[in-house]
Structure formats: structure tokens, C-alpha cells
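Please read the structure below before turning to the comments.
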Amino acid sequence: MNDPARTGRTNEPAFDAAFRAQLHSLFAWRRDVRRFRPDPLGEGIVERLVQAASLAPAVGLIQPWRFVTVDSSVRRGAIIASFKRMAIDTLARNVRTDLGTVLHLELAALREAPVHLAAFCDLSTTEVSPTMLEVATAMAVNTLWLDAHAYGIGVGWISMLEPDALTQALDVPKDWRYVGYFCIGYPADEPTEVQHEFETQEETAAQILRR
């Protein structure tokens with residue numbers, strides 16, 4: 001239970017062990033969805049997800065994140081063309097045996113997902129460093145992703161895109177810096193195992209540098 005004397009907020013809700021266990025399950029079972037059903041999301045769902053994203057922390061409460069829904073078939077076509085160019089170049093330079101499968105699934109997500117959502121950070125919002133703005137935007141995306149998963153909505157991160165081509169295709173303000181592109185919809189299949197569990201405590205410890 002939260003200690004009001006420690007938090008300084010007497011009306012803060014108490015989070016018990018059962019809630020914390022459920023929260024950890026949400027973190028552990030959150031996954032990068034690649035196959036989507038064609039069913040559209042309900043009215044107002046994207047807006048509610050963005051509202052949840054706005055609960056993410058940001059320096060000075062400036063909320064630099066900006067989201068663009070990509071509904072136009074022409075603009076989606078430009079995004080897919082950018083992806084294909086990046087994929088061809090990456091396949092030519094990479095020896096990973098599973099890369100072709102990964103790229104095939106990302107392309108499927110771009111073609112099947114009912115919602116395409118691009119995330120940007122607005123560099124004109126403050127004098128805070130651009131890095132801090134990008135970090136805040138990434139935290140907003142993560143908040144949106146977790147909220148979506150809690151409602152059974154999948155999110156897929158499309159990594160193989162050309163930032164300049166994407167920014168031009170979406171015709172966003174010049175002060176907006178591209179952060180990420182995401183496909184959103186109901187998953188076509190169900191997860192069979194936890195994707196993001198660490199196998200050992202040693203692996204977790206290896207990611208921490210102590211000084």
C-alpha cells in the first residue's frame with residue numbers, strides 16, 4: 001500500500017500485490033504484433049489510446065509528442081515503398097538468416113493493419129534538448145502500447161523506414177522529428193508464450209553498469 005506520508009498525496013489509490021502482479025504480466029506479455037485482422041477499431045479508440053499516451057512523463061509537462069494517423073491509400077503506398085527500399089538494401093548487406101521472414105511479417109503488418117500511426121516529437125515546443133523531447137515521445141508511445149495491449153489491441157513497430165521520405169509523405173511541420181511508425185489493430189493470432197521475459201537474473205544484471 002502507498003504511504004501518504006511518503007508520496008505527499010493522501011488521495012492516491014493503493015496498488016496491492018494482485019495489481020502489481022497483473023501489471024508485471026502486462027509488461028511481460030506485451031508483444032510486437034505482425035499479423036492483424038482486417039476488422040476496424042471502434043469509434044474513438046485511437047483517440048483514447050492517444051489520451052492514455054498523454055499520461056506519460058515529460059519534462060515540464062510540455063508533452064512534445066505528436067501523432068499522425070495515416071489513412072490515405074496514397075500516403076500508405078509511399079510508406080510501403082519506403083519500407084521496400086530499406087528492406088532490399090538491408091537484405092543485401094545483412095547475413096541474418098531470419099531477416100527475410102522478419103521483413104515479410106513487417107510488410108504484412110503494413111498491408112493488413114487497419115490503423116497506421118506515426119509518432120513525432122515537436123522540437124519547437126521548448127528549449128529543452130531534442131534528446132529529452134525524443135525520450136518523452138518514446139515514453140508516450142510505450143504508454144500507448146501498454147494501454148492498447150490491456151484492451152486486446154495489437155501494436156507493431158515498423159523499423160525499416162526512411163525518416164526523410166516518411167516526413168515528406170506525411171507532410172508534417174518542419175519542426176517535427178520522426179520517432180516511430182506503428183501498425184495497430186486486433187491481432188490475427190494469440191500469443192503462445194511470454195515474449196519479453198529475461199531467462200536469468202544474470203542477464204538482467206549484465207544490462208546494469210554500476211559506478
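Simple scheme: letters A, B, ... for chains in C-alpha cells order, numbers from 1 for residues in each chain, numbers from 1 for ligands in the order shown.
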Which residues are close to Pro187 (chain A), i.e. within 8 Å by only C-alpha atoms, leaving aside same-chain residues fewer than 5 positions away? Reply as a PyMOL selection string.
chain A and resi 33-37+152-154
Based on the selection just made, write C-alpha atoms of those residues as a CSV table (one decimal), in the first residue's frame.
chain,number,residue,atom,x,y,z
A,33,VAL,CA,2.3,-7.8,-33.4
A,34,ARG,CA,3.0,-8.5,-37.1
A,35,ARG,CA,-0.3,-10.1,-38.3
A,36,PHE,CA,-3.6,-8.2,-38.0
A,37,ARG,CA,-7.3,-8.9,-38.6
A,152,GLY,CA,-6.5,-6.7,-26.6
A,153,ILE,CA,-5.3,-4.4,-29.3
A,154,GLY,CA,-2.0,-5.2,-31.0
Residues of region 14-61 of chain A that have any atom at most 10 Å from an atom of region 129-136 of chain A: could you tabulate them with the shortest-distance atom pair and the distance in Å to one decimal, using only C-alpha atoms, ordered by chain and increasing number, as a Markdown table?
| residue | atom | partner | partner_atom | distance |
| --- | --- | --- | --- | --- |
| A:Ala56 | CA | A:Ala136 | CA | 7.5 |
| A:Pro57 | CA | A:Ala136 | CA | 6.6 |
| A:Ala58 | CA | A:Ala136 | CA | 5.2 |
| A:Val59 | CA | A:Ala136 | CA | 7.5 |
| A:Leu61 | CA | A:Ala136 | CA | 9.8 |
Residue selection dump (N, CA and C atoms) as an mmCIF file, in the first residue's frame:
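As a result, selection.cif now contains:
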data_model
loop_
_atom_site.group_PDB
_atom_site.id
_atom_site.type_symbol
_atom_site.label_atom_id
_atom_site.label_comp_id
_atom_site.auth_asym_id
_atom_site.auth_seq_id
_atom_site.Cartn_x
_atom_site.Cartn_y
_atom_site.Cartn_z
ATOM 1 N N ALA A 56 1.999 9.953 -20.049
ATOM 2 C CA ALA A 56 3.427 9.664 -19.916
ATOM 3 C C ALA A 56 4.153 10.886 -19.345
ATOM 4 N N PRO A 57 5.272 10.656 -18.655
ATOM 5 C CA PRO A 57 6.030 11.784 -18.105
ATOM 6 C C PRO A 57 6.718 12.588 -19.198
ATOM 7 N N ALA A 58 6.825 13.887 -18.958
ATOM 8 C CA ALA A 58 7.532 14.774 -19.881
ATOM 9 C C ALA A 58 8.098 15.939 -19.085
ATOM 10 N N VAL A 59 9.304 16.344 -19.414
ATOM 11 C CA VAL A 59 9.953 17.450 -18.717
ATOM 12 C C VAL A 59 9.075 18.692 -18.791
ATOM 13 N N LEU A 61 6.082 19.055 -18.222
ATOM 14 C CA LEU A 61 4.735 18.770 -18.732
ATOM 15 C C LEU A 61 4.501 19.347 -20.129
#
DSSP-assigned helix (DSSP H, G or I) members of region 14-211 of chain A, reported as a PDB file with C-alpha atoms, in the first residue's frame:
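Saved as states32.pdb:
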ATOM      1  CA  ALA A  17       0.107  -7.210  -4.707  1.00  0.00           C
ATOM      2  CA  ALA A  18      -2.529  -8.596  -7.085  1.00  0.00           C
ATOM      3  CA  PHE A  19      -2.488  -5.415  -9.140  1.00  0.00           C
ATOM      4  CA  ARG A  20       1.313  -5.380  -9.243  1.00  0.00           C
ATOM      5  CA  ALA A  21       1.323  -8.979 -10.459  1.00  0.00           C
ATOM      6  CA  GLN A  22      -1.168  -8.105 -13.203  1.00  0.00           C
ATOM      7  CA  LEU A  23       0.908  -5.086 -14.162  1.00  0.00           C
ATOM      8  CA  HIS A  24       4.023  -7.224 -14.459  1.00  0.00           C
ATOM      9  CA  SER A  25       2.075  -9.651 -16.640  1.00  0.00           C
ATOM     10  CA  LEU A  26       1.124  -6.762 -18.916  1.00  0.00           C
ATOM     11  CA  PHE A  27       4.787  -5.795 -19.256  1.00  0.00           C
ATOM     12  CA  ALA A  28       5.860  -9.393 -19.865  1.00  0.00           C
ATOM     13  CA  TRP A  29       3.157 -10.299 -22.384  1.00  0.00           C
ATOM     14  CA  ILE A  45     -10.393   4.050 -29.795  1.00  0.00           C
ATOM     15  CA  VAL A  46      -7.373   5.729 -31.402  1.00  0.00           C
ATOM     16  CA  GLU A  47      -8.238   8.964 -29.613  1.00  0.00           C
ATOM     17  CA  ARG A  48      -8.482   7.107 -26.304  1.00  0.00           C
ATOM     18  CA  LEU A  49      -5.099   5.472 -26.871  1.00  0.00           C
ATOM     19  CA  VAL A  50      -3.520   8.866 -27.563  1.00  0.00           C
ATOM     20  CA  GLN A  51      -5.183  10.221 -24.433  1.00  0.00           C
ATOM     21  CA  ALA A  52      -3.569   7.406 -22.445  1.00  0.00           C
ATOM     22  CA  ALA A  53      -0.222   8.206 -24.086  1.00  0.00           C
ATOM     23  CA  VAL A  59       9.953  17.450 -18.717  1.00  0.00           C
ATOM     24  CA  GLY A  60       7.954  20.472 -17.596  1.00  0.00           C
ATOM     25  CA  LEU A  61       4.735  18.770 -18.732  1.00  0.00           C
ATOM     26  CA  SER A  73      -4.027   4.898 -49.534  1.00  0.00           C
ATOM     27  CA  VAL A  74      -1.606   7.111 -51.470  1.00  0.00           C
ATOM     28  CA  ARG A  75       0.352   8.021 -48.354  1.00  0.00           C
ATOM     29  CA  ARG A  76       0.325   4.412 -47.169  1.00  0.00           C
ATOM     30  CA  GLY A  77       1.647   3.416 -50.566  1.00  0.00           C
ATOM     31  CA  ALA A  78       4.545   5.849 -50.129  1.00  0.00           C
ATOM     32  CA  ILE A  79       5.291   4.347 -46.713  1.00  0.00           C
ATOM     33  CA  ILE A  80       5.284   0.813 -48.129  1.00  0.00           C
ATOM     34  CA  ALA A  81       7.567   1.918 -50.982  1.00  0.00           C
ATOM     35  CA  SER A  82       9.997   3.365 -48.426  1.00  0.00           C
ATOM     36  CA  PHE A  83       9.890   0.123 -46.473  1.00  0.00           C
ATOM     37  CA  LYS A  84      10.652  -1.946 -49.580  1.00  0.00           C
ATOM     38  CA  ARG A  85      13.646   0.228 -50.476  1.00  0.00           C
ATOM     39  CA  MET A  86      15.057  -0.121 -46.965  1.00  0.00           C
ATOM     40  CA  ALA A  87      14.345  -3.864 -46.919  1.00  0.00           C
ATOM     41  CA  ILE A  88      16.147  -4.504 -50.211  1.00  0.00           C
ATOM     42  CA  ASP A  89      19.167  -2.536 -49.035  1.00  0.00           C
ATOM     43  CA  THR A  90      19.237  -4.237 -45.656  1.00  0.00           C
ATOM     44  CA  LEU A  91      18.913  -7.735 -47.114  1.00  0.00           C
ATOM     45  CA  ALA A  92      21.827  -7.016 -49.432  1.00  0.00           C
ATOM     46  CA  ARG A  93      24.063  -6.063 -46.513  1.00  0.00           C
ATOM     47  CA  LEU A  99      15.821 -11.354 -41.618  1.00  0.00           C
ATOM     48  CA  GLY A 100      13.761 -12.203 -44.698  1.00  0.00           C
ATOM     49  CA  THR A 101      10.998 -13.644 -42.504  1.00  0.00           C
ATOM     50  CA  VAL A 102      11.052 -10.591 -40.230  1.00  0.00           C
ATOM     51  CA  LEU A 103      10.746  -8.221 -43.176  1.00  0.00           C
ATOM     52  CA  HIS A 104       7.963 -10.298 -44.723  1.00  0.00           C
ATOM     53  CA  LEU A 105       5.976 -10.023 -41.490  1.00  0.00           C
ATOM     54  CA  GLU A 106       6.540  -6.268 -41.244  1.00  0.00           C
ATOM     55  CA  LEU A 107       5.296  -5.856 -44.804  1.00  0.00           C
ATOM     56  CA  ALA A 108       2.226  -7.935 -43.935  1.00  0.00           C
ATOM     57  CA  ALA A 109       1.559  -5.624 -40.999  1.00  0.00           C
ATOM     58  CA  LEU A 110       1.757  -2.560 -43.245  1.00  0.00           C
ATOM     59  CA  ARG A 111      -0.719  -4.119 -45.676  1.00  0.00           C
ATOM     60  CA  GLU A 112      -3.185  -5.571 -43.153  1.00  0.00           C
ATOM     61  CA  PRO A 130      15.938  17.444 -28.589  1.00  0.00           C
ATOM     62  CA  THR A 131      17.123  14.251 -26.915  1.00  0.00           C
ATOM     63  CA  MET A 132      14.841  14.866 -23.937  1.00  0.00           C
ATOM     64  CA  LEU A 133      11.932  15.526 -26.282  1.00  0.00           C
ATOM     65  CA  GLU A 134      12.558  12.272 -28.129  1.00  0.00           C
ATOM     66  CA  VAL A 135      12.778  10.345 -24.856  1.00  0.00           C
ATOM     67  CA  ALA A 136       9.463  11.834 -23.709  1.00  0.00           C
ATOM     68  CA  THR A 137       7.850  10.886 -27.016  1.00  0.00           C
ATOM     69  CA  ALA A 138       9.185   7.330 -26.762  1.00  0.00           C
ATOM     70  CA  MET A 139       7.696   7.063 -23.261  1.00  0.00           C
ATOM     71  CA  ALA A 140       4.345   8.247 -24.623  1.00  0.00           C
ATOM     72  CA  VAL A 141       4.498   5.563 -27.313  1.00  0.00           C
ATOM     73  CA  ASN A 142       5.262   2.905 -24.716  1.00  0.00           C
ATOM     74  CA  THR A 143       2.322   4.060 -22.593  1.00  0.00           C
ATOM     75  CA  LEU A 144       0.033   3.868 -25.626  1.00  0.00           C
ATOM     76  CA  TRP A 145       1.365   0.403 -26.478  1.00  0.00           C
ATOM     77  CA  LEU A 146       0.728  -0.993 -23.000  1.00  0.00           C
ATOM     78  CA  ASP A 147      -2.740   0.540 -22.835  1.00  0.00           C
ATOM     79  CA  ALA A 148      -3.582  -0.965 -26.224  1.00  0.00           C
ATOM     80  CA  HIS A 149      -2.416  -4.420 -25.148  1.00  0.00           C
ATOM     81  CA  ALA A 150      -4.535  -4.230 -21.993  1.00  0.00           C
ATOM     82  CA  PRO A 163      12.745   9.205 -41.979  1.00  0.00           C
ATOM     83  CA  ASP A 164      13.071  11.879 -44.673  1.00  0.00           C
ATOM     84  CA  ALA A 165      10.799  10.072 -47.124  1.00  0.00           C
ATOM     85  CA  LEU A 166       8.253   9.405 -44.399  1.00  0.00           C
ATOM     86  CA  THR A 167       8.241  13.009 -43.198  1.00  0.00           C
ATOM     87  CA  GLN A 168       7.749  14.202 -46.768  1.00  0.00           C
ATOM     88  CA  ALA A 169       4.999  11.668 -47.471  1.00  0.00           C
ATOM     89  CA  LEU A 170       3.052  12.750 -44.386  1.00  0.00           C
ATOM     90  CA  GLN A 201      18.845 -12.766 -13.236  1.00  0.00           C
ATOM     91  CA  GLU A 202      22.374 -12.731 -14.610  1.00  0.00           C
ATOM     92  CA  GLU A 203      21.100 -11.425 -17.966  1.00  0.00           C
ATOM     93  CA  THR A 204      19.302  -8.569 -16.215  1.00  0.00           C
ATOM     94  CA  ALA A 205      22.353  -7.747 -14.132  1.00  0.00           C
ATOM     95  CA  ALA A 206      24.506  -7.625 -17.275  1.00  0.00           C
TER      96      ALA A 206
END
Near-Leu41 (chain A) list (8 Å; only C-alpha atoms; drop same-chain fewer than 6 positions) as number ranges by chain:
A: 114-115, 185-186
Just-selected residues, C-alpha atoms written as a short mmCIF file (atom, residue, chain, number, x, y, z; two decimals), in the first residue's frame:
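In the end it all went to again26.cif:
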data_model
loop_
_atom_site.label_atom_id
_atom_site.label_comp_id
_atom_site.auth_asym_id
_atom_site.auth_seq_id
_atom_site.Cartn_x
_atom_site.Cartn_y
_atom_site.Cartn_z
CA PRO A 114 -6.45 -1.07 -40.05
CA VAL A 115 -4.58 1.77 -38.32
CA GLY A 185 -5.30 -3.43 -34.85
CA TYR A 186 -6.65 -6.67 -33.45
#
Which one of A:Gly156, A:Pro64, A:Gly180, A:Gly44 sits closest to Ser124 (chain A) if you count only C-alpha atoms?
A:Pro64
Just give me the gap between CA of Arg30 (chain A) and CA of Ile184 (chain A) in Å, one decimal is fine.
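Between CA of Arg30 (chain A) and CA of Ile184 (chain A) the gap is 13.3 Å.
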Can you list, as a list in words, every residue of region 15-192 of chain A that DSSP puts in strand (DSSP E)?
Trp65, Arg66, Phe67, Val68, Thr69, Val115, His116, Leu117, Ala118, Ala119, Phe120, Cys121, Asp122, Gly154, Val155, Gly156, Trp157, Ile158, Trp176, Arg177, Tyr178, Val179, Gly180, Tyr181, Phe182, Cys183, Ile184 and Gly185 of chain A
Output file for the selection above: N, CA and C atoms, as a PDB file, in the first residue's frame:
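After the write, part29.pdb holds the following:
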ATOM      1  N   TRP A  65       5.001  15.106 -27.883  1.00  0.00           N
ATOM      2  CA  TRP A  65       4.625  14.071 -28.845  1.00  0.00           C
ATOM      3  C   TRP A  65       3.500  14.548 -29.743  1.00  0.00           C
ATOM      4  N   ARG A  66       3.593  14.138 -30.991  1.00  0.00           N
ATOM      5  CA  ARG A  66       2.564  14.413 -31.988  1.00  0.00           C
ATOM      6  C   ARG A  66       2.302  13.117 -32.744  1.00  0.00           C
ATOM      7  N   PHE A  67       1.054  12.765 -32.942  1.00  0.00           N
ATOM      8  CA  PHE A  67       0.698  11.532 -33.628  1.00  0.00           C
ATOM      9  C   PHE A  67      -0.038  11.840 -34.928  1.00  0.00           C
ATOM     10  N   VAL A  68       0.272  11.070 -35.957  1.00  0.00           N
ATOM     11  CA  VAL A  68      -0.361  11.233 -37.262  1.00  0.00           C
ATOM     12  C   VAL A  68      -0.985   9.904 -37.662  1.00  0.00           C
ATOM     13  N   THR A  69      -2.291   9.881 -37.872  1.00  0.00           N
ATOM     14  CA  THR A  69      -2.926   8.681 -38.417  1.00  0.00           C
ATOM     15  C   THR A  69      -2.812   8.740 -39.942  1.00  0.00           C
ATOM     16  N   VAL A 115      -5.046   0.445 -38.753  1.00  0.00           N
ATOM     17  CA  VAL A 115      -4.575   1.770 -38.317  1.00  0.00           C
ATOM     18  C   VAL A 115      -3.070   1.856 -38.494  1.00  0.00           C
ATOM     19  N   HIS A 116      -2.621   2.924 -39.145  1.00  0.00           N
ATOM     20  CA  HIS A 116      -1.202   3.282 -39.198  1.00  0.00           C
ATOM     21  C   HIS A 116      -1.036   4.555 -38.387  1.00  0.00           C
ATOM     22  N   LEU A 117      -0.068   4.560 -37.474  1.00  0.00           N
ATOM     23  CA  LEU A 117       0.134   5.718 -36.598  1.00  0.00           C
ATOM     24  C   LEU A 117       1.611   6.065 -36.562  1.00  0.00           C
ATOM     25  N   ALA A 118       1.940   7.291 -36.970  1.00  0.00           N
ATOM     26  CA  ALA A 118       3.318   7.767 -36.919  1.00  0.00           C
ATOM     27  C   ALA A 118       3.492   8.684 -35.713  1.00  0.00           C
ATOM     28  N   ALA A 119       4.608   8.532 -35.019  1.00  0.00           N
ATOM     29  CA  ALA A 119       4.900   9.351 -33.842  1.00  0.00           C
ATOM     30  C   ALA A 119       6.050  10.311 -34.148  1.00  0.00           C
ATOM     31  N   PHE A 120       5.846  11.557 -33.786  1.00  0.00           N
ATOM     32  CA  PHE A 120       6.858  12.597 -33.955  1.00  0.00           C
ATOM     33  C   PHE A 120       7.014  13.347 -32.638  1.00  0.00           C
ATOM     34  N   CYS A 121       8.152  14.024 -32.480  1.00  0.00           N
ATOM     35  CA  CYS A 121       8.265  14.974 -31.376  1.00  0.00           C
ATOM     36  C   CYS A 121       8.438  16.371 -31.978  1.00  0.00           C
ATOM     37  N   ASP A 122       7.758  17.324 -31.374  1.00  0.00           N
ATOM     38  CA  ASP A 122       7.750  18.703 -31.855  1.00  0.00           C
ATOM     39  C   ASP A 122       8.903  19.455 -31.209  1.00  0.00           C
ATOM     40  N   GLY A 154      -3.407  -4.974 -30.707  1.00  0.00           N
ATOM     41  CA  GLY A 154      -2.008  -5.185 -31.000  1.00  0.00           C
ATOM     42  C   GLY A 154      -1.344  -3.963 -31.614  1.00  0.00           C
ATOM     43  N   VAL A 155      -0.051  -3.840 -31.358  1.00  0.00           N
ATOM     44  CA  VAL A 155       0.762  -2.767 -31.931  1.00  0.00           C
ATOM     45  C   VAL A 155       2.009  -3.396 -32.538  1.00  0.00           C
ATOM     46  N   GLY A 156       2.352  -2.988 -33.746  1.00  0.00           N
ATOM     47  CA  GLY A 156       3.563  -3.466 -34.401  1.00  0.00           C
ATOM     48  C   GLY A 156       4.456  -2.299 -34.785  1.00  0.00           C
ATOM     49  N   TRP A 157       5.725  -2.381 -34.438  1.00  0.00           N
ATOM     50  CA  TRP A 157       6.695  -1.311 -34.695  1.00  0.00           C
ATOM     51  C   TRP A 157       7.387  -1.606 -36.024  1.00  0.00           C
ATOM     52  N   ILE A 158       7.240  -0.692 -36.974  1.00  0.00           N
ATOM     53  CA  ILE A 158       7.876  -0.842 -38.290  1.00  0.00           C
ATOM     54  C   ILE A 158       9.192  -0.069 -38.282  1.00  0.00           C
ATOM     55  N   TRP A 176       8.898  18.970 -36.682  1.00  0.00           N
ATOM     56  CA  TRP A 176       8.561  17.664 -36.126  1.00  0.00           C
ATOM     57  C   TRP A 176       9.628  16.644 -36.516  1.00  0.00           C
ATOM     58  N   ARG A 177      10.180  15.972 -35.530  1.00  0.00           N
ATOM     59  CA  ARG A 177      11.190  14.945 -35.790  1.00  0.00           C
ATOM     60  C   ARG A 177      10.554  13.558 -35.673  1.00  0.00           C
ATOM     61  N   TYR A 178      10.790  12.747 -36.685  1.00  0.00           N
ATOM     62  CA  TYR A 178      10.222  11.394 -36.725  1.00  0.00           C
ATOM     63  C   TYR A 178      10.797  10.535 -35.604  1.00  0.00           C
ATOM     64  N   VAL A 179       9.924   9.790 -34.914  1.00  0.00           N
ATOM     65  CA  VAL A 179      10.332   8.903 -33.825  1.00  0.00           C
ATOM     66  C   VAL A 179      10.011   7.445 -34.139  1.00  0.00           C
ATOM     67  N   GLY A 180       8.823   7.169 -34.656  1.00  0.00           N
ATOM     68  CA  GLY A 180       8.491   5.775 -34.933  1.00  0.00           C
ATOM     69  C   GLY A 180       7.194   5.641 -35.709  1.00  0.00           C
ATOM     70  N   TYR A 181       7.034   4.484 -36.345  1.00  0.00           N
ATOM     71  CA  TYR A 181       5.843   4.199 -37.148  1.00  0.00           C
ATOM     72  C   TYR A 181       5.251   2.884 -36.665  1.00  0.00           C
ATOM     73  N   PHE A 182       3.928   2.879 -36.426  1.00  0.00           N
ATOM     74  CA  PHE A 182       3.306   1.743 -35.757  1.00  0.00           C
ATOM     75  C   PHE A 182       2.019   1.317 -36.466  1.00  0.00           C
ATOM     76  N   CYS A 183       1.855   0.007 -36.596  1.00  0.00           N
ATOM     77  CA  CYS A 183       0.616  -0.568 -37.099  1.00  0.00           C
ATOM     78  C   CYS A 183      -0.212  -1.017 -35.902  1.00  0.00           C
ATOM     79  N   ILE A 184      -1.511  -0.743 -35.951  1.00  0.00           N
ATOM     80  CA  ILE A 184      -2.373  -1.019 -34.804  1.00  0.00           C
ATOM     81  C   ILE A 184      -3.646  -1.711 -35.271  1.00  0.00           C
ATOM     82  N   GLY A 185      -4.067  -2.712 -34.532  1.00  0.00           N
ATOM     83  CA  GLY A 185      -5.298  -3.426 -34.852  1.00  0.00           C
ATOM     84  C   GLY A 185      -5.437  -4.648 -33.974  1.00  0.00           C
TER      85      GLY A 185
END
Distance CA of Val172 (chain A)-CA of Val128 (chain A), one decimal place?
20.9 Å
Just how far from CA of Gly42 (chain A) is CA of Pro173 (chain A), in Å to one decimal?
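Rounded to one decimal, the two atoms are 28.8 Å apart.
Closest approach to Asp32 (chain A) from the set A:Asp71, A:Ser159, A:Gln207, A:Asp171 is made by A:Ser159, with distances taken over only C-alpha atoms.
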